[in-house]
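> This is the structure, below, for whatever I ask next.
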Amino acid sequence: RGLRSGLSTHICSGWVTLNALRETLEARGVLGQLKARIRAEVFSTLDAESTPRPPLSHENLLINELIREYLQFNKFQYTALVLTAESGQTEVPLDWEFVANELNVREDSSAKEVALLYGLLHHFLSSKEEHKAKLFLKCAATVPSQEPHGHRNTES
């Protein structure tokens, strides 16, 4: 009975310690980052074992960067980590001026205060008022003809 009592006390104190550790990591905002990093590593490992991913096109590089900047701006750090791991995007974000230049975007003094995607959205929403005609989108010849990563054709 003495061993059993001592063991349950030890296990109980271990749970208390683990619970306190979890709460501390959560309060510091680290627990979510650790979970996201583990998910990203799991995706990366599973992805490495599956079919090789096609090279990251210039367009996808820019799109992923717009999405990552948006996610980080809105404090979705964990989702941004998973995006980076799954997409093959570099861990170091692209330079804001580079992305803006590639998209032919001019900036004003307040442009860098928000994610570039917000500026693009604002442009299209405000131009809707100025130009009643809708924007005509067409498929760009430079976009890879392969299906996007994770997207399946449902027309079979």
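Within each chain, counting starts at residue 1; across the structure tokens, chains are named A, B, ... in the order shown, with ligands numbered 1 upward in that order.
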Do a neighbour search on range 115-122 of chain A at 10 Å with only C-alpha atoms, toss out local chain neighbours closer than 5 positions, and write the hits as number ranges by chain.

A: 63, 65-74, 96, 99-100, 103, 105, 107, 127-128

> What separation in Å, quoted to one decimal, exists between CA of Ala36 in chain A and CA of Ala111 in chain A?

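Distance between the two atoms: 29.4 Å.
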
> Give the alpha helix (DSSP H) residues of range 23-125 of chain A, as DSSP finds them on the backbone, and put them as a PyMOL selection string.

chain A and resi 23-27+30-49+58-73+77-87+96-102+116-125

> If you count only C-alpha atoms, which residues fall within 10 Å of Ile38 in chain A, apart from same-chain ones fewer than 5 positions away, as a PyMOL selection string?

chain A and resi 32-33+43-44+81-82

> So how many Å separate CA of Val92 in chain A and CA of Asn64 in chain A, to one decimal?

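For CA of Val92 in chain A relative to CA of Asn64 in chain A, the distance reads 12.4 Å.
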
> Separation of CA of Arg37 in chain A and CA of Phe98 in chain A, in Å?

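Taking CA of Arg37 in chain A and CA of Phe98 in chain A, their separation equals 27.3 Å.
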